[in-house]
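What follows is the content of work.txt (compact mmCIF, C-alpha atoms).
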# COMPACT_ATOMS: atom_id res chain seq x y z
CA MET Q 1 68.28 88.83 126.16
CA LYS Q 2 66.34 91.63 124.51
CA MET Q 3 69.57 93.31 123.42
CA VAL Q 4 70.88 90.03 121.93
CA SER Q 5 67.56 89.46 120.14
CA ALA Q 6 67.59 93.00 118.72
CA ALA Q 7 71.17 92.59 117.50
CA PHE Q 8 70.28 89.24 115.87
CA LYS Q 9 67.28 90.76 114.09
CA GLU Q 10 69.42 93.66 112.87
CA THR Q 11 72.01 91.22 111.47
CA GLN Q 12 69.26 89.27 109.72
CA SER Q 13 67.97 92.44 108.08
CA PHE Q 14 71.41 93.06 106.56
CA PHE Q 15 72.21 89.46 105.60
CA THR Q 16 69.58 88.87 102.93
CA PRO Q 17 69.78 85.98 100.42
CA VAL Q 18 71.27 88.43 97.91
CA THR Q 19 74.00 89.29 100.43
CA VAL Q 20 74.93 85.61 100.74
CA TYR Q 21 74.81 85.05 96.96
CA SER Q 22 77.01 88.09 96.39
CA LEU Q 23 79.67 86.95 98.84
CA LEU Q 24 79.53 83.42 97.43
CA ALA Q 25 79.96 84.80 93.91
CA CYS Q 26 83.11 86.65 94.99
CA ALA Q 27 84.45 83.52 96.67
CA THR Q 28 83.71 81.48 93.54
CA GLN Q 29 85.59 83.96 91.38
CA PHE Q 30 88.60 83.61 93.66
CA VAL Q 31 88.43 79.80 93.53
CA VAL Q 32 88.31 79.90 89.72
CA GLY Q 33 91.30 82.27 89.68
CA TYR Q 34 93.22 80.02 92.06
CA THR Q 35 92.47 76.94 89.94
CA LEU Q 36 93.54 78.62 86.71
CA ALA Q 37 96.76 79.81 88.35
CA GLN Q 38 97.65 76.26 89.42
CA ILE Q 39 97.05 75.00 85.88
CA TRP Q 40 98.89 77.73 83.98
CA GLY Q 41 101.59 78.41 86.56
CA ARG Q 42 102.91 74.90 87.10
CA LYS Q 43 106.39 75.92 85.96
CA CYS Q 44 106.38 79.25 87.81
CA SER Q 45 107.83 79.97 91.24
CA GLY Q 46 105.58 79.84 94.28
CA THR Q 47 105.50 83.63 94.46
CA ASP Q 48 104.56 84.00 90.82
CA ARG Q 49 101.80 81.42 91.17
CA TRP Q 50 100.22 83.63 93.82
CA VAL Q 51 100.64 86.60 91.49
CA LEU Q 52 98.81 84.58 88.84
CA VAL Q 53 96.01 83.84 91.31
CA TRP Q 54 95.54 87.57 91.75
CA LEU Q 55 95.76 88.33 88.03
CA PHE Q 56 93.19 85.68 87.07
CA TYR Q 57 90.89 86.87 89.85
CA ASP Q 58 91.46 90.47 88.79
CA ALA Q 59 90.59 89.75 85.15
CA ILE Q 60 87.56 87.65 86.09
CA VAL Q 61 86.13 90.42 88.28
CA HIS Q 62 86.77 93.13 85.70
CA ILE Q 63 85.26 91.17 82.83
CA THR Q 64 82.42 89.16 84.40
CA LEU Q 65 81.28 91.58 87.12
CA GLU Q 66 82.32 95.09 86.18
CA GLY Q 67 81.69 94.49 82.47
CA PRO Q 68 77.94 93.99 83.01
CA PHE Q 69 77.93 97.04 85.31
CA VAL Q 70 79.33 99.20 82.50
CA TYR Q 71 76.76 97.85 80.05
CA MET Q 72 73.84 98.46 82.42
CA SER Q 73 75.11 101.96 83.18
CA LEU Q 74 75.43 102.87 79.49
CA VAL Q 75 71.97 101.67 78.49
CA GLY Q 76 70.23 102.68 81.72
CA THR Q 77 71.12 102.29 85.39
CA VAL Q 78 71.72 99.46 87.80
CA ALA Q 79 68.71 100.63 89.83
CA THR Q 80 66.36 100.20 86.85
CA SER Q 81 67.90 96.93 85.60
CA ASP Q 82 66.47 93.52 86.41
CA ASN Q 83 68.97 90.68 86.17
CA ILE Q 84 71.32 88.71 88.37
CA PHE Q 85 74.20 91.16 87.87
CA ALA Q 86 71.96 94.09 88.75
CA GLU Q 87 71.01 92.36 92.00
CA LEU Q 88 74.68 91.96 92.91
CA TRP Q 89 75.38 95.62 92.21
CA LYS Q 90 72.24 96.73 94.05
CA GLU Q 91 73.64 94.91 97.06
CA TYR Q 92 76.94 96.81 96.77
CA GLY Q 93 74.95 99.99 96.13
CA LYS Q 94 73.74 99.78 99.72
CA ALA Q 95 77.27 100.83 100.68
CA ASP Q 96 77.92 103.27 97.80
CA GLU Q 97 74.86 104.72 96.07
CA ARG Q 98 76.81 106.02 93.07
CA TRP Q 99 76.91 102.54 91.57
CA LEU Q 100 73.12 102.51 91.33
CA HIS Q 101 72.62 105.65 89.27
CA SER Q 102 75.31 105.68 86.54
CA ASP Q 103 77.58 108.23 88.20
CA PRO Q 104 79.74 109.64 85.35
CA THR Q 105 83.00 109.39 87.30
CA ILE Q 106 82.35 105.78 88.33
CA VAL Q 107 81.24 104.69 84.85
CA SER Q 108 84.26 106.40 83.24
CA LEU Q 109 86.65 104.63 85.61
CA GLU Q 110 84.92 101.29 85.09
CA LEU Q 111 85.19 101.67 81.32
CA LEU Q 112 88.94 102.08 81.75
CA THR Q 113 89.09 99.24 84.25
CA VAL Q 114 87.14 96.70 82.20
CA VAL Q 115 88.85 97.39 78.88
CA LEU Q 116 92.41 98.34 79.84
CA ASP Q 117 92.95 96.63 83.19
CA GLY Q 118 91.21 93.44 82.12
CA ILE Q 119 93.38 93.14 79.03
CA LEU Q 120 96.57 94.10 80.88
CA ALA Q 121 95.91 91.42 83.53
CA LEU Q 122 95.66 88.74 80.86
CA VAL Q 123 98.73 90.05 79.03
CA LEU Q 124 100.63 89.95 82.31
CA VAL Q 125 99.55 86.36 82.89
CA TYR Q 126 101.05 85.47 79.52
CA ALA Q 127 104.22 87.45 80.25
CA ILE Q 128 104.75 85.64 83.57
CA VAL Q 129 104.00 82.16 82.26
CA LYS Q 130 106.24 82.65 79.19
CA ASP Q 131 108.88 84.65 81.12
CA LYS Q 132 108.72 87.62 78.73
CA HIS Q 133 111.07 90.58 79.00
CA TYR Q 134 108.18 93.07 79.22
CA ARG Q 135 106.65 91.44 82.32
CA HIS Q 136 107.48 94.23 84.76
CA PHE Q 137 106.59 97.03 82.35
CA VAL Q 138 103.09 95.58 82.07
CA GLN Q 139 102.94 94.85 85.80
CA ILE Q 140 103.82 98.43 86.73
CA THR Q 141 101.33 99.83 84.20
CA LEU Q 142 98.52 97.62 85.50
CA CYS Q 143 99.25 98.43 89.14
CA VAL Q 144 99.32 102.18 88.51
CA CYS Q 145 95.98 101.91 86.68
CA GLU Q 146 94.45 99.95 89.56
CA LEU Q 147 95.69 102.43 92.17
CA TYR Q 148 94.52 105.39 90.08
CA GLY Q 149 91.09 103.79 89.76
CA GLY Q 150 90.83 103.30 93.51
CA TRP Q 151 91.89 106.88 94.24
CA MET Q 152 89.47 108.44 91.75
CA THR Q 153 86.64 106.20 92.92
CA PHE Q 154 86.73 107.54 96.46
CA CYS Q 155 88.65 110.83 96.56
CA PRO Q 156 85.94 112.94 94.81
CA ASP Q 157 83.31 111.64 97.24
CA TRP Q 158 85.57 112.17 100.26
CA LEU Q 159 86.18 115.78 99.25
CA ALA Q 160 82.41 116.29 99.10
CA GLY Q 161 81.94 114.84 102.59
CA SER Q 162 81.17 111.25 101.53
CA PRO Q 163 77.45 111.84 100.88
CA ASN Q 164 77.09 108.57 98.94
CA LEU Q 165 78.87 106.21 101.33
CA ASN Q 166 76.99 104.23 103.95
CA THR Q 167 79.31 103.44 106.87
CA ASN Q 168 76.62 102.83 109.50
CA HIS Q 169 76.97 99.03 109.48
CA TRP Q 170 80.13 96.92 109.72
CA LEU Q 171 79.14 94.86 106.67
CA TYR Q 172 78.97 97.89 104.42
CA LEU Q 173 82.00 99.66 105.90
CA TRP Q 174 84.51 96.86 106.53
CA ILE Q 175 83.52 94.24 103.94
CA TYR Q 176 82.04 96.12 100.99
CA LEU Q 177 83.98 99.39 101.16
CA VAL Q 178 87.23 98.66 103.00
CA PHE Q 179 87.98 95.02 102.17
CA PHE Q 180 86.72 94.72 98.60
CA ASN Q 181 88.31 98.03 97.61
CA GLY Q 182 91.36 97.76 99.83
CA VAL Q 183 92.44 94.55 98.10
CA TRP Q 184 92.91 96.58 94.91
CA VAL Q 185 95.24 98.90 96.80
CA VAL Q 186 97.29 96.44 98.86
CA VAL Q 187 97.98 93.86 96.13
CA PRO Q 188 98.97 96.37 93.41
CA GLY Q 189 101.18 98.07 95.98
CA LEU Q 190 102.94 94.78 96.74
CA LEU Q 191 103.36 94.04 93.02
CA LEU Q 192 104.88 97.48 92.46
CA TRP Q 193 107.38 96.70 95.20
CA GLN Q 194 108.15 93.36 93.55
CA SER Q 195 108.78 95.12 90.23
CA TRP Q 196 110.97 97.70 91.95
CA LEU Q 197 113.17 94.99 93.45
CA SER Q 198 113.35 93.04 90.19
CA LEU Q 199 114.35 96.10 88.15
CA LYS Q 200 116.91 97.10 90.78
CA ARG Q 201 118.56 93.69 90.46
CA LEU Q 202 118.88 94.21 86.72
CA HIS Q 203 120.93 97.38 87.15
CA PRO Q 204 124.65 96.83 86.40
CA SER Q 205 125.70 98.15 89.80
CA TYR Q 206 123.83 95.24 91.44
CA GLN Q 207 125.01 92.52 89.09
CA ALA Q 208 128.70 92.62 89.93
CA PRO Q 209 130.85 94.05 92.72
CA LYS Q 210 132.20 97.50 92.00
CA LYS Q 211 135.86 97.54 91.05
CA GLN Q 212 138.22 98.84 93.63
CA LYS Q 213 139.92 102.05 92.56
Take the structure in the file and write it out as structure tokens.
Amino acid sequence: MKMVSAAFKETQSFFTPVTVYSLLACATQFVVGYTLAQIWGRKCSGTDRWVLVWLFYDAIVHITLEGPFVYMSLVGTVATSDNIFAELWKEYGKADERWLHSDPTIVSLELLTVVLDGILALVLVYAIVKDKHYRHFVQITLCVCELYGGWMTFCPDWLAGSPNLNTNHWLYLWIYLVFFNGVWVVVPGLLLWQSWLSLKRLHPSYQAPKKQK
């Protein structure tokens, strides 16, 4: 019983009200993205509607969550800021301290992410809904940017021995670090594969049987 009680108290210490609000905020962003995808993607295929869900969610996160992070980091730091967005980032900062103190690499990547990736996600939404010829060019560009951002976010810290990452609790390791960052690896990877298959089908050798010599 003492072991169960100790484990329960430890879980309580990690699951603060801010933890719950942060997770609810992420869930709300996904629900908004899903709703927008159903509205704008009524004429799209089932697969493309799910792509739109991701793109709306992607743009919402970049603009409404990472945008305030960039602003706070340029005028000060998350650690010294006092607002609802700062509280959300302070919660994530328990898993990766670099987000609290305006780390130059992180801020540089987030500038690129907010401005370029946010815009590309919205352009891609338009390209899919309107069936534009440049859809897969934009999709590949966005996915490469997302994967590059993920690599440069963690690789420098890994090479230094991960001094800023807190992996001592499952919440920080598997939810904050692995899940919330892994999504931006898995989904762009799947979309790159989709673009690869679509472009392959456009090649003349796949459009008609080769003539017998």
If we count only C-alpha atoms, what is near stretch 174-186 of chain Q at a cut-off of 9 Å, once residues fewer than 5 positions away on the same chain are taken out, given as a short mmCIF file (atom, residue, chain, number, x, y, z; two decimals) with C-alpha atoms, keeping the file's coordinate frame?
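Saved file part23.cif follows:
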data_model
loop_
_atom_site.label_atom_id
_atom_site.label_comp_id
_atom_site.auth_asym_id
_atom_site.auth_seq_id
_atom_site.Cartn_x
_atom_site.Cartn_y
_atom_site.Cartn_z
CA ASP Q 58 91.46 90.47 88.79
CA TYR Q 92 76.94 96.81 96.77
CA ALA Q 95 77.27 100.83 100.68
CA ASP Q 96 77.92 103.27 97.80
CA CYS Q 143 99.25 98.43 89.14
CA GLU Q 146 94.45 99.95 89.56
CA LEU Q 147 95.69 102.43 92.17
CA GLY Q 150 90.83 103.30 93.51
CA LEU Q 165 78.87 106.21 101.33
CA ASN Q 166 76.99 104.23 103.95
CA THR Q 167 79.31 103.44 106.87
CA HIS Q 169 76.97 99.03 109.48
CA LEU Q 191 103.36 94.04 93.02
#
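Nearest residue to Q:Thr19 among Q:Val53, Q:Leu171, Q:Ala37, Q:Cys155 is Q:Leu171, counting all atoms listed in the file.
Here atom CA of Q:Leu120 and atom CA of Q:Trp158 stand 28.7 Å from one another.
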For stretch 176-183 of chain Q, what centre and edge lengths in Å (one decimal) does the axis-aligned box get once 5 Å is added on each side of all its listed atoms, as AutoDock Vina command-line options?
--center_x 87.2 --center_y 97.0 --center_z 100.3 --size_x 20.4 --size_y 14.8 --size_z 15.4
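For Q:Val31, the non-local neighbours within 12 Å, defined as residues at least 5 positions apart in the same chain or in other chains and counting only C-alpha atoms, are Q:Leu24, Q:Ala25, Q:Cys26, Q:Leu36, Q:Ala37, Q:Gln38, Q:Val53, Q:Trp54, Q:Phe56, Q:Tyr57, Q:Ile60.
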Show me the residues around (98.4, 89.3, 83.1) - criterion: an atom at most 10 Å away, only C-alpha atoms counted - as a tab-separated table (two decimals) with C-alpha atoms, in the coordinates of the input.
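File written: part_9.tsv
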chain	number	residue	atom	x	y	z
Q	51	VAL	CA	100.64	86.60	91.49
Q	52	LEU	CA	98.81	84.58	88.84
Q	54	TRP	CA	95.54	87.57	91.75
Q	55	LEU	CA	95.76	88.33	88.03
Q	56	PHE	CA	93.19	85.68	87.07
Q	58	ASP	CA	91.46	90.47	88.79
Q	59	ALA	CA	90.59	89.75	85.15
Q	117	ASP	CA	92.95	96.63	83.19
Q	118	GLY	CA	91.21	93.44	82.12
Q	119	ILE	CA	93.38	93.14	79.03
Q	120	LEU	CA	96.57	94.10	80.88
Q	121	ALA	CA	95.91	91.42	83.53
Q	122	LEU	CA	95.66	88.74	80.86
Q	123	VAL	CA	98.73	90.05	79.03
Q	124	LEU	CA	100.63	89.95	82.31
Q	125	VAL	CA	99.55	86.36	82.89
Q	126	TYR	CA	101.05	85.47	79.52
Q	127	ALA	CA	104.22	87.45	80.25
Q	128	ILE	CA	104.75	85.64	83.57
Q	129	VAL	CA	104.00	82.16	82.26
Q	135	ARG	CA	106.65	91.44	82.32
Q	138	VAL	CA	103.09	95.58	82.07
Q	139	GLN	CA	102.94	94.85	85.80
Q	142	LEU	CA	98.52	97.62	85.50
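Distance check against Q:Phe85 using all atoms listed in the file: of Q:Tyr71, Q:Phe154, Q:Tyr172, Q:Tyr34, the minimum falls on Q:Tyr71.
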Completion exercise
In Å and to one decimal, atom CA of Q:Ala160 is distant from atom CA of Q:Trp89 by 22.9 Å
Problem - For atom CA of Q:Gly149 and atom CA of Q:Ile106, the interatomic separation in Å (one decimal) - result: 9.1 Å
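The smallest atom-to-atom distance between Q:His136 and any of Q:Thr35, Q:Leu199, Q:Gln29, Q:Val61, using all atoms listed in the file, is found for Q:Leu199.
With distances taken over all atoms listed in the file, Q:Asn164 is the one residue among Q:Asn164, Q:Tyr134, Q:Ile63, Q:Gly46 lying closest to Q:His101.
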